[in-house]
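Structure file final09.cif (mmCIF, C-alpha atoms) follows.
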data_structure
loop_
_atom_site.label_atom_id
_atom_site.label_comp_id
_atom_site.auth_asym_id
_atom_site.auth_seq_id
_atom_site.Cartn_x
_atom_site.Cartn_y
_atom_site.Cartn_z
CA MET R 1 125.15 99.48 111.11
CA TYR R 2 121.96 98.54 112.92
CA LEU R 3 118.84 96.67 111.95
CA THR R 4 115.68 97.69 113.81
CA ARG R 5 112.35 95.95 113.82
CA MET R 6 109.27 97.59 115.26
CA TYR R 7 105.79 96.11 115.51
CA LEU R 8 102.98 98.57 114.79
CA ASN R 9 99.37 98.27 115.90
CA PRO R 10 97.48 97.71 112.64
CA ARG R 11 94.17 98.93 114.12
CA ARG R 12 95.36 102.46 114.82
CA ARG R 13 94.47 105.22 112.42
CA GLN R 14 98.02 106.49 112.03
CA THR R 15 99.22 102.99 111.08
CA LEU R 16 96.63 102.85 108.32
CA ARG R 17 97.75 106.25 107.07
CA MET R 18 101.36 105.18 107.06
CA SER R 19 100.71 102.04 105.09
CA LYS R 20 98.86 104.04 102.44
CA ASP R 21 101.08 107.15 102.36
CA PRO R 22 104.82 106.46 102.44
CA GLN R 23 105.48 110.20 102.70
CA VAL R 24 104.10 110.11 106.25
CA LEU R 25 106.18 107.10 107.25
CA HIS R 26 109.26 108.59 105.57
CA ALA R 27 108.91 111.65 107.79
CA ALA R 28 108.45 109.49 110.88
CA VAL R 29 111.55 107.43 110.09
CA GLU R 30 113.63 110.52 109.32
CA SER R 31 112.72 112.12 112.63
CA ALA R 32 113.90 109.02 114.50
CA PHE R 33 117.50 110.19 113.92
CA PRO R 34 119.34 113.27 115.12
CA PRO R 35 119.86 115.89 112.40
CA THR R 36 123.60 115.35 111.97
CA GLU R 37 125.53 116.22 108.83
CA ASN R 38 126.36 112.77 107.57
CA ARG R 39 124.11 110.01 108.78
CA GLY R 40 124.30 107.79 105.74
CA ARG R 41 121.54 106.09 103.87
CA ILE R 42 118.48 105.11 105.93
CA LEU R 43 116.54 102.21 104.45
CA TRP R 44 113.16 101.05 105.65
CA ARG R 45 110.36 98.71 104.72
CA LEU R 46 106.87 97.89 105.98
CA ASP R 47 106.12 94.15 106.23
CA GLU R 48 102.38 93.64 106.50
CA SER R 49 101.06 90.15 107.11
CA ALA R 50 97.68 88.92 108.28
CA SER R 51 98.75 88.82 111.90
CA GLN R 52 101.19 91.71 112.24
CA THR R 53 102.69 94.85 110.78
CA ALA R 54 106.43 95.27 111.18
CA LEU R 55 108.58 98.26 110.27
CA LEU R 56 112.20 97.40 109.43
CA ILE R 57 114.95 100.01 109.41
CA VAL R 58 118.61 99.65 108.43
CA SER R 59 120.68 102.64 109.52
CA ARG R 60 124.12 103.74 110.69
CA ASP R 61 122.82 104.94 114.07
CA ILE R 62 120.30 103.50 116.50
CA PRO R 63 116.87 105.09 115.89
CA SER R 64 114.72 106.36 118.72
CA LEU R 65 111.15 105.50 117.87
CA GLU R 66 109.19 106.79 120.86
CA HIS R 67 107.19 109.20 118.70
CA LEU R 68 106.15 106.38 116.38
CA GLN R 69 105.19 104.20 119.33
CA GLU R 70 102.98 106.99 120.57
CA GLN R 71 101.23 107.46 117.23
CA ALA R 72 101.07 103.97 115.79
CA GLY R 73 102.48 101.49 118.29
CA TRP R 74 101.04 99.35 121.02
CA GLU R 75 100.05 101.07 124.25
CA THR R 76 101.75 99.12 126.94
CA GLU R 77 104.92 97.54 125.69
CA ARG R 78 107.95 98.78 123.82
CA THR R 79 107.85 96.87 120.58
CA TRP R 80 111.07 97.69 118.84
CA ASP R 81 114.47 96.22 118.99
CA SER R 82 117.75 97.33 117.38
CA ARG R 83 120.47 94.80 116.66
CA GLU R 84 124.01 95.20 115.38
CA TYR R 85 124.03 94.43 111.68
CA ASP R 86 127.80 94.20 111.20
CA PRO R 87 128.21 90.65 112.57
CA LEU R 88 125.99 89.39 109.75
CA LEU R 89 127.64 91.60 107.13
CA THR R 90 131.14 90.44 108.00
CA ARG R 91 130.06 86.80 108.05
CA LEU R 92 128.86 86.81 104.45
CA HIS R 93 130.98 84.82 102.08
CA LYS R 94 130.73 83.03 98.77
CA GLY R 95 128.62 79.88 98.65
CA GLN R 96 126.31 80.64 101.58
CA ARG R 97 122.58 80.25 101.06
CA TYR R 98 119.87 82.44 102.51
CA ARG R 99 116.25 83.28 102.08
CA PHE R 100 115.62 86.89 101.25
CA ARG R 101 112.83 89.41 101.12
CA LEU R 102 113.03 92.64 99.16
CA THR R 103 110.56 95.44 98.53
CA ALA R 104 111.62 97.49 95.53
CA ASN R 105 110.48 99.94 92.88
CA PRO R 106 111.39 98.30 89.55
CA THR R 107 111.83 100.90 86.81
CA HIS R 108 113.25 101.16 83.31
CA ILE R 109 114.11 103.97 80.93
CA VAL R 110 111.92 104.53 77.88
CA THR R 111 113.30 106.53 74.95
CA GLY R 112 110.61 108.44 73.11
CA PRO R 113 110.47 108.95 69.33
CA ASP R 114 112.14 112.36 69.72
CA GLY R 115 114.98 110.95 71.75
CA THR R 116 113.78 112.14 75.18
CA LYS R 117 114.30 109.64 77.94
CA ARG R 118 111.83 109.01 80.70
CA ARG R 119 111.99 106.70 83.66
CA LYS R 120 108.92 104.53 84.07
CA ALA R 121 107.86 101.83 86.49
CA HIS R 122 107.43 98.25 85.44
CA VAL R 123 103.78 97.44 86.03
CA SER R 124 103.28 93.84 84.97
CA GLU R 125 104.39 91.03 87.20
CA ARG R 126 106.41 89.42 84.42
CA TYR R 127 108.60 92.48 83.83
CA GLN R 128 108.90 93.15 87.55
CA ALA R 129 110.24 89.62 88.07
CA GLU R 130 112.59 90.02 85.10
CA TRP R 131 113.88 93.27 86.56
CA LEU R 132 115.15 91.46 89.65
CA GLN R 133 116.40 88.45 87.74
CA GLU R 134 118.61 90.67 85.57
CA ARG R 135 120.16 92.19 88.67
CA ALA R 136 121.51 88.95 90.13
CA GLU R 137 125.06 89.76 89.06
CA SER R 138 125.11 93.31 90.36
CA ILE R 139 123.68 92.16 93.70
CA GLY R 140 126.36 89.47 93.78
CA VAL R 141 124.06 86.48 94.08
CA LYS R 142 122.53 83.58 92.19
CA TRP R 143 118.76 83.06 92.64
CA ILE R 144 117.89 79.58 93.84
CA ASP R 145 114.95 77.82 95.37
CA SER R 146 116.28 76.70 98.70
CA SER R 147 113.59 74.09 99.34
CA THR R 148 113.95 72.17 96.09
CA GLU R 149 117.55 73.06 95.24
CA ASP R 150 116.26 74.27 91.90
CA GLU R 151 118.98 76.53 90.59
CA SER R 152 116.92 78.01 87.78
CA ALA R 153 114.08 79.12 90.06
CA ALA R 154 113.22 82.78 89.85
CA PRO R 155 112.40 84.88 92.91
CA LEU R 156 108.67 85.10 93.53
CA VAL R 157 106.66 88.29 93.47
CA THR R 158 104.61 88.04 96.66
CA LYS R 159 103.00 91.45 96.82
CA ARG R 160 102.36 94.24 94.31
CA GLU R 161 100.83 97.60 95.02
CA THR R 162 100.59 100.98 93.37
CA LEU R 163 100.54 103.85 95.83
CA ARG R 164 99.27 107.33 95.03
CA PHE R 165 100.05 110.08 97.47
CA LYS R 166 100.85 113.78 97.63
CA ARG R 167 104.27 115.27 98.05
CA GLY R 168 103.73 118.98 98.59
CA GLN R 169 101.64 120.07 95.62
CA ASN R 170 102.63 117.14 93.42
CA HIS R 171 101.00 113.77 93.11
CA VAL R 172 103.39 110.83 93.26
CA THR R 173 102.65 107.38 91.90
CA LEU R 174 104.86 104.60 93.14
CA ALA R 175 104.85 100.92 92.18
CA ARG R 176 106.03 98.85 95.11
CA VAL R 177 106.80 95.15 94.65
CA THR R 178 107.82 92.58 97.25
CA PHE R 179 110.03 89.68 96.17
CA GLU R 180 110.86 86.55 98.13
CA GLY R 181 113.01 83.55 97.44
CA GLY R 182 116.35 81.92 98.01
CA LEU R 183 119.81 83.05 97.00
CA GLU R 184 123.37 81.86 96.95
CA VAL R 185 126.13 84.37 97.64
CA ILE R 186 128.53 84.81 94.71
CA ASP R 187 130.14 88.17 95.50
CA ALA R 188 129.95 88.97 99.20
CA ASP R 189 131.15 92.58 98.80
CA ALA R 190 128.45 93.41 96.26
CA LEU R 191 125.75 91.83 98.42
CA ARG R 192 127.03 93.65 101.49
CA SER R 193 126.71 97.01 99.76
CA VAL R 194 123.19 96.17 98.53
CA LEU R 195 122.11 95.22 102.07
CA VAL R 196 123.37 98.57 103.37
CA GLU R 197 122.78 100.92 100.43
CA GLY R 198 119.65 99.34 98.99
CA ILE R 199 118.68 98.63 95.42
CA GLY R 200 116.63 100.52 92.87
CA ARG R 201 114.72 103.73 93.27
CA GLY R 202 112.21 105.06 95.80
CA LYS R 203 114.43 104.42 98.81
CA ALA R 204 112.80 107.25 100.76
CA TYR R 205 109.45 105.52 100.25
CA GLY R 206 110.10 102.08 101.68
CA CYS R 207 111.80 100.56 98.64
CA GLY R 208 115.21 98.97 98.19
CA LEU R 209 115.73 97.27 101.55
CA MET R 210 116.69 93.61 101.23
CA THR R 211 116.84 91.38 104.29
CA LEU R 212 118.18 87.87 104.81
CA ALA R 213 116.87 84.98 106.88
CA PRO R 214 118.14 81.42 107.32
CA ALA R 215 117.57 79.16 104.30
CA ARG R 216 114.83 76.62 104.84
CA SER R 217 116.23 73.22 105.63
CA THR R 218 115.56 70.64 102.93
CA GLY R 219 113.36 67.68 103.76
CA MET V 1 81.71 90.29 138.60
CA SER V 2 80.60 87.68 136.08
CA THR V 3 80.46 87.68 132.33
CA LEU V 4 77.81 86.13 130.10
CA VAL V 5 79.22 84.69 126.88
CA LEU V 6 77.02 84.43 123.78
CA GLU V 7 77.91 82.89 120.45
CA LEU V 8 76.69 84.90 117.46
CA SER V 9 76.93 82.85 114.31
CA GLY V 10 74.69 82.28 111.35
CA PRO V 11 74.66 82.48 107.57
CA LEU V 12 73.98 86.23 107.68
CA GLN V 13 74.28 88.91 110.33
CA ALA V 14 73.75 92.66 110.08
CA TRP V 15 75.02 95.17 112.63
CA GLY V 16 74.18 98.66 111.44
CA ASP V 17 75.09 101.63 113.59
CA GLU V 18 74.29 104.65 111.46
CA SER V 19 72.16 103.56 108.51
CA ARG V 20 69.67 106.01 107.07
CA PHE V 21 67.08 105.68 104.30
CA VAL V 22 67.66 103.09 101.58
CA ARG V 23 71.28 102.23 102.23
CA ARG V 24 71.49 99.87 105.21
CA ASP V 25 75.12 99.41 106.23
CA THR V 26 76.66 96.94 108.61
CA ARG V 27 79.72 97.04 110.78
CA MET V 28 82.02 94.04 110.65
CA LEU V 29 81.63 93.51 114.42
CA PRO V 30 78.37 93.20 116.38
CA THR V 31 77.08 96.44 117.88
CA LYS V 32 76.03 97.03 121.45
CA SER V 33 72.60 98.22 120.33
CA GLY V 34 72.06 94.99 118.39
CA VAL V 35 72.95 92.77 121.33
CA VAL V 36 71.05 94.89 123.88
CA GLY V 37 68.05 94.68 121.55
CA LEU V 38 68.39 90.90 121.48
CA LEU V 39 68.45 90.75 125.29
CA ALA V 40 65.43 93.04 125.52
CA ALA V 41 63.53 90.87 123.02
CA ALA V 42 64.37 87.74 125.01
CA LEU V 43 63.02 89.39 128.18
CA GLY V 44 59.83 90.36 126.36
CA ARG V 45 60.32 94.10 126.54
CA ARG V 46 58.48 96.14 123.98
CA ARG V 47 60.17 98.85 121.98
CA ILE V 48 58.87 101.65 124.17
CA ASP V 49 59.95 99.95 127.42
CA PRO V 50 63.00 101.32 129.27
CA ILE V 51 66.35 99.64 128.59
CA GLU V 52 68.82 101.69 130.66
CA ASP V 53 69.70 98.69 132.84
CA LEU V 54 70.72 96.59 129.80
CA ALA V 55 72.52 99.42 128.01
CA GLY V 56 74.48 100.11 131.20
CA LEU V 57 76.13 96.66 131.25
CA ARG V 58 79.71 96.44 129.99
CA PHE V 59 79.86 94.93 126.52
CA GLY V 60 82.55 93.39 124.33
CA VAL V 61 82.88 91.19 121.25
CA ARG V 62 85.58 88.93 119.87
CA GLN V 63 85.88 87.98 116.22
CA GLU V 64 86.20 84.21 115.95
CA GLN V 65 85.86 84.16 112.19
CA PRO V 66 85.65 87.43 110.28
CA GLY V 67 83.21 86.50 107.52
CA GLU V 68 82.73 88.60 104.45
CA LEU V 69 80.64 91.58 103.43
CA VAL V 70 77.54 90.60 101.44
CA ARG V 71 75.62 93.18 99.41
CA ASP V 72 71.96 92.69 98.65
CA PHE V 73 70.49 94.96 95.99
CA GLN V 74 66.74 95.05 96.52
CA THR V 75 64.00 95.99 94.13
CA ALA V 76 60.36 95.85 95.15
CA ILE V 77 57.00 96.75 93.70
CA ASP V 78 54.02 97.72 95.79
CA TRP V 79 51.44 95.08 94.79
CA ARG V 80 48.53 97.39 95.60
CA THR V 81 49.52 100.26 93.31
CA GLY V 82 51.99 98.60 90.94
CA LYS V 83 54.51 101.35 91.65
CA ALA V 84 58.17 100.69 92.26
CA LYS V 85 59.55 101.13 95.76
CA PRO V 86 62.86 102.96 96.13
CA LEU V 87 65.88 100.83 95.26
CA SER V 88 67.62 99.68 98.39
CA GLN V 89 71.05 98.30 99.22
CA ARG V 90 71.38 96.11 102.28
CA TYR V 91 74.69 94.90 103.61
CA TYR V 92 75.29 91.77 105.67
CA VAL V 93 78.22 89.94 107.21
CA GLY V 94 78.16 86.44 105.75
CA ASP V 95 79.51 83.28 107.38
CA ALA V 96 80.95 85.08 110.40
CA LYS V 97 81.25 83.96 113.99
CA PHE V 98 81.55 86.21 117.03
CA LEU V 99 81.47 85.91 120.78
CA ALA V 100 79.60 88.61 122.67
CA PHE V 101 80.49 89.31 126.31
CA ILE V 102 78.19 91.02 128.80
CA GLU V 103 79.61 91.86 132.20
CA GLY V 104 77.38 92.30 135.22
CA ASP V 105 76.01 90.88 138.42
CA SER V 106 75.72 87.07 138.25
CA THR V 107 72.03 86.83 139.25
CA LEU V 108 71.11 89.37 136.58
CA LEU V 109 73.15 87.43 134.00
CA GLU V 110 71.49 84.15 134.99
CA GLY V 111 68.13 85.77 134.37
CA LEU V 112 69.29 86.96 130.96
CA ALA V 113 70.70 83.54 130.03
CA GLY V 114 67.40 81.92 131.02
CA ALA V 115 65.45 84.43 128.97
CA ILE V 116 67.59 83.80 125.89
CA LYS V 117 67.01 80.05 126.23
CA SER V 118 63.23 80.60 126.21
CA PRO V 119 62.74 84.02 124.62
CA VAL V 120 59.45 85.92 124.56
CA PHE V 121 60.05 87.38 121.09
CA PRO V 122 62.04 85.66 118.31
CA LEU V 123 65.77 86.46 118.43
CA TYR V 124 67.88 87.53 115.46
CA LEU V 125 71.39 88.71 114.72
CA GLY V 126 70.95 92.41 114.08
CA ARG V 127 68.22 92.26 111.44
CA ARG V 128 65.07 90.21 111.45
CA ALA V 129 66.07 88.24 108.34
CA CYS V 130 69.16 86.89 110.14
CA PRO V 131 68.27 84.04 112.52
CA PRO V 132 71.04 82.62 114.71
CA GLY V 133 72.57 79.39 113.43
CA THR V 134 73.39 77.92 116.84
CA ARG V 135 72.29 78.12 120.44
CA LEU V 136 73.34 81.51 121.71
CA VAL V 137 74.27 80.98 125.36
CA LEU V 138 77.71 79.49 126.01
CA GLY V 139 77.62 80.12 129.74
CA ILE V 140 78.43 82.52 132.55
CA ARG V 141 82.09 82.90 133.51
CA ASP V 142 83.54 84.26 136.74
CA GLY V 143 85.62 87.39 136.35
CA ASP V 144 85.33 90.54 134.30
CA ILE V 145 85.09 91.04 130.58
CA GLU V 146 88.85 91.31 130.03
CA ASP V 147 89.40 87.88 131.64
CA ALA V 148 86.62 86.29 129.62
CA ILE V 149 87.94 87.68 126.32
CA GLU V 150 91.39 86.27 127.05
CA SER V 151 90.35 82.87 128.40
CA GLU V 152 87.49 81.81 126.13
CA PRO V 153 88.54 79.05 123.68
CA TRP V 154 88.56 79.81 119.97
CA ARG V 155 85.32 78.80 118.26
CA ALA V 156 85.88 79.21 114.55
CA SER V 157 84.99 76.43 112.11
CA GLU V 158 87.69 73.79 111.56
CA ARG V 159 87.90 74.69 107.90
CA TYR V 160 88.71 78.30 108.78
CA MET V 161 91.17 77.35 111.54
CA ARG V 162 93.23 75.28 109.11
CA THR V 163 93.81 78.36 106.94
CA GLN V 164 95.09 80.47 109.84
CA PRO V 165 98.62 80.72 111.25
CA ARG V 166 99.67 78.54 114.21
CA ASP V 167 99.84 81.61 116.38
CA ALA V 168 96.54 83.27 115.52
CA MET V 169 95.35 86.69 116.66
CA LEU V 170 91.65 87.33 117.29
CA LEU V 171 90.41 90.89 117.11
CA TYR V 172 88.32 92.07 120.02
CA SER V 173 86.55 95.31 120.78
CA ARG V 174 85.08 96.20 124.17
CA ASP V 175 83.79 99.13 126.20
CA ALA V 176 86.68 101.22 127.49
CA GLY V 177 87.28 101.03 131.22
CA PRO V 178 88.05 104.11 133.35
CA TYR V 179 91.84 103.83 132.77
CA ASP V 180 91.80 102.85 129.10
CA VAL V 181 92.70 105.06 126.19
CA SER V 182 89.89 104.63 123.70
CA ASP V 183 90.63 103.75 120.09
CA GLU V 184 87.29 104.63 118.55
CA MET V 185 83.95 106.23 119.38
CA VAL V 186 80.91 104.27 118.22
CA ARG V 187 77.35 105.54 118.37
CA ASP V 188 75.52 102.36 119.28
CA VAL V 189 74.37 102.66 122.89
CA PRO V 190 70.58 102.49 122.74
CA VAL V 191 68.81 105.20 124.73
CA SER V 192 65.41 104.33 123.32
CA PHE V 193 64.20 101.83 120.70
CA ASP V 194 60.84 103.62 120.47
CA PRO V 195 60.09 103.70 116.71
CA ARG V 196 58.87 107.29 116.97
CA ASN V 197 61.90 108.48 118.88
CA ARG V 198 64.93 106.29 118.33
CA GLU V 199 68.00 107.53 120.08
CA TYR V 200 71.55 106.32 120.44
CA ALA V 201 74.47 107.57 122.54
CA TRP V 202 78.20 107.32 122.02
CA ARG V 203 80.54 104.87 123.69
CA SER V 204 84.31 104.67 123.58
CA VAL V 205 85.71 101.30 122.63
CA VAL V 206 89.14 99.68 122.91
CA HIS V 207 90.37 97.36 120.15
CA GLY V 208 92.93 94.70 120.73
CA TRP V 209 94.13 91.24 119.83
CA SER V 210 93.75 88.07 121.80
CA ARG V 211 96.37 85.45 121.01
CA VAL V 212 95.33 81.82 120.61
CA THR V 213 97.35 78.77 119.67
CA ASN V 214 96.19 76.83 116.67
CA PRO V 215 97.92 73.43 116.36
CA GLU V 216 96.06 72.63 113.12
CA GLY V 217 97.12 75.87 111.45
CA VAL V 218 99.54 76.46 108.62
CA PRO V 219 103.16 76.74 109.72
CA SER V 220 104.08 80.40 109.78
CA ASP V 221 106.57 81.17 107.04
CA GLU V 222 107.82 84.15 108.97
CA HIS V 223 110.77 85.84 107.39
CA ASP V 224 112.49 86.52 110.70
CA VAL V 225 115.26 89.01 110.04
CA MET V 226 116.49 88.78 113.62
CA GLN V 227 117.38 85.08 113.41
CA LEU V 228 120.72 85.74 111.73
CA LEU V 229 121.60 88.51 114.17
CA GLY V 230 121.64 86.36 117.29
CA GLY V 231 119.10 85.97 120.03
CA ILE V 232 115.42 85.50 119.35
#

As structure tokens, the full file:
Amino acid sequence: MYLTRMYLNPRRRQTLRMSKDPQVLHAAVESAFPPTENRGRILWRLDESASQTALLIVSRDIPSLEHLQEQAGWETERTWDSREYDPLLTRLHKGQRYRFRLTANPTHIVTGPDGTKRRKAHVSERYQAEWLQERAESIGVKWIDSSTEDESAAPLVTKRETLRFKRGQNHVTLARVTFEGGLEVIDADALRSVLVEGIGRGKAYGCGLMTLAPARSTG
Amino acid sequence: MSTLVLELSGPLQAWGDESRFVRRDTRMLPTKSGVVGLLAAALGRRRIDPIEDLAGLRFGVRQEQPGELVRDFQTAIDWRTGKAKPLSQRYYVGDAKFLAFIEGDSTLLEGLAGAIKSPVFPLYLGRRACPPGTRLVLGIRDGDIEDAIESEPWRASERYMRTQPRDAMLLYSRDAGPYDVSDEMVRDVPVSFDPRNREYAWRSVVHGWSRVTNPEGVPSDEHDVMQLLGGI
């Protein structure tokens, strides 16, 4: 597995389009890989901060992003970098602490009065946070606050957005939520599969990719 | 080549490039026409006087402090007739700070700097209701506009600097050189300011970021995914 990070130029028109229309970025990410039969799940996420826009991709093969550089990158320098992901995955074991960031599409199933079931997005911050909290066990972690050692701390919702875009003739509405916080590994195998396979729905549209960073040192 | 550096800051600024009728827009960065107009006013040129020499100088701006968009909804009554004037919306950039760069021959720039220090007509930041809040001229630097944009120290207010990351990025926008790929076309090169025949031409601009260090800034809480994968 490989993790790729690419910096995009936030002032270019195509970058703006991509941050508003995940269908466009989905197509760009898909075309970064050769059309082989079985290329596994490709996860991606757009991290936008005040100073930079970064596209993260987790994939089985190394992507080639020249076309994206041409449309939305910086002119002069190559701004992406692919690293082997397996060393981190194999190093995971119970008791380790990390900081994490996850962009996901929290949904739930609503049963109507006539028994029909429909999948709907959680829209309020409270239910979005609960959605992730309930999944601690299936992700194989315990949520903690790594700076205060507070074991009951919930992950924070740091960004919420509702995207509306077209997919062919249909209009798609997608609730995208970014969570951040600390975690302690309980079940390394479960966490490993979440890091590689993603979590929740909307994986083609920049949801489900969770990344780890070193836990903040206390004091 | 030398570059004249001006500081454009004040409570309100307005830099319209395509406003018509009662809706007077502003761009979030100063326009070439606005700054060329300011130079022409300092030199004492009237609106019908030629300005090709000023419009031909290379121009760039850097955003020290972005400011915010301010909307002014205006109602007015003609006191002679008692009739209402058309409703008008005027937009301003509030509490912003920019540097403007003008590249040219050093003797010409010295003349311009002197004229701005003792202007013939009052100077304003894009619209007559927007006086400058500081002295405009910061000085004349050796080198071209690219050098000046990169080497000029950051001049935002301390309060604003403290809210920015340690490694801050300042947006700049300048005239494209012969080998640049332009990012945007802007119609703000004045051909004539004559009120009966105003005319503007297009210019291609390049946007970019200039990196400055900000020791007072907030520590960047960058979620660096590469840290666990070795290397930087």

Counting all atoms listed in the file, the residue of R:Trp44, R:Tyr205, R:Trp74, R:Trp143 that sits nearest chain V =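 The closest residue to chain V is R:Trp74.
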
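For chain V, the residues close to chain R, meaning within 9 Å and counting only C-alpha atoms, are Gln164, Pro165, Asp167, Ala168, Met169, Val181, Asp183, His207, Gly208, His223, Asp224, Val225, Met226, Gln227, Leu228, Leu229 and Gly230 of chain V.
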
ask   = Nearest to R:Leu174: which of R:Leu16, R:Tyr127, R:Arg91, R:Ala104 is it, counting all atoms listed in the file?
value =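 For R:Leu174, the nearest of the given residues is R:Ala104.
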
ask   = Just how far from atom CA of R:Arg45 is atom CA of R:Leu8, in Å to one decimal?
value =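 Interatomic distance here is 12.5 Å.
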
ask   = Neighbours of V:Thr107 within 12 Å (all atoms listed in the file; same-chain residues fewer than 6 positions away dropped), as a list in words?
value =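 Non-adjacent residues within range: Met1, Ser2, Thr3, Leu4, Ala113, Gly114 and Ile140 of chain V.
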
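Using only C-alpha atoms, the residues found no farther than 7 Å from stretch 63-66 of chain V, other than those of its own chain fewer than 5 positions away, are Ala96, Lys97, Phe98, Leu99, Trp154, Arg155, Ala156, Leu170, Leu171 and Tyr172 of chain V.
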
query = Can you list, as JSON, numbers by chain, every protein, DNA or RNA residue that comes within 8 Å of V:Thr134 when you count all atoms listed in the file, leaving out same-chain residues fewer than 2 positions away?
reply = {"V": [7, 8, 9, 10, 132, 136]}

query = Selected by the PyMOL selection byres ((chain V and resi 216) around 10) in the shown coordinates: which residues, as JSON, numbers by chain?
reply = {"V": [158, 159, 161, 162, 163, 164, 165, 166, 213, 214, 215, 217, 218, 219]}

ask   = R:Gly200: which residues within 9 Å, counting only C-alpha atoms, same-chain residues fewer than 2 positions away excluded, as a ChimeraX atom specification?
value = /R:104-107,198,202-203,207-208

key: Close residues, V:Arg90 itself excluded, 8 Å, all atoms listed in the file, min 3 positions apart in chain, as a PyMOL selection string   = chain V and resi 22-25+71-74

ask   = What does the distance from atom CA of V:Thr31 to atom CA of V:Leu123 come to in Å, to one decimal?
value = 15.1 Å

query = Of the residues V:Phe21, V:Trp15, V:Phe59, V:Phe121, which is the one nearest to V:Arg174, using all atoms listed in the file?
reply =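 The answer is V:Phe59, which sits nearest to V:Arg174.
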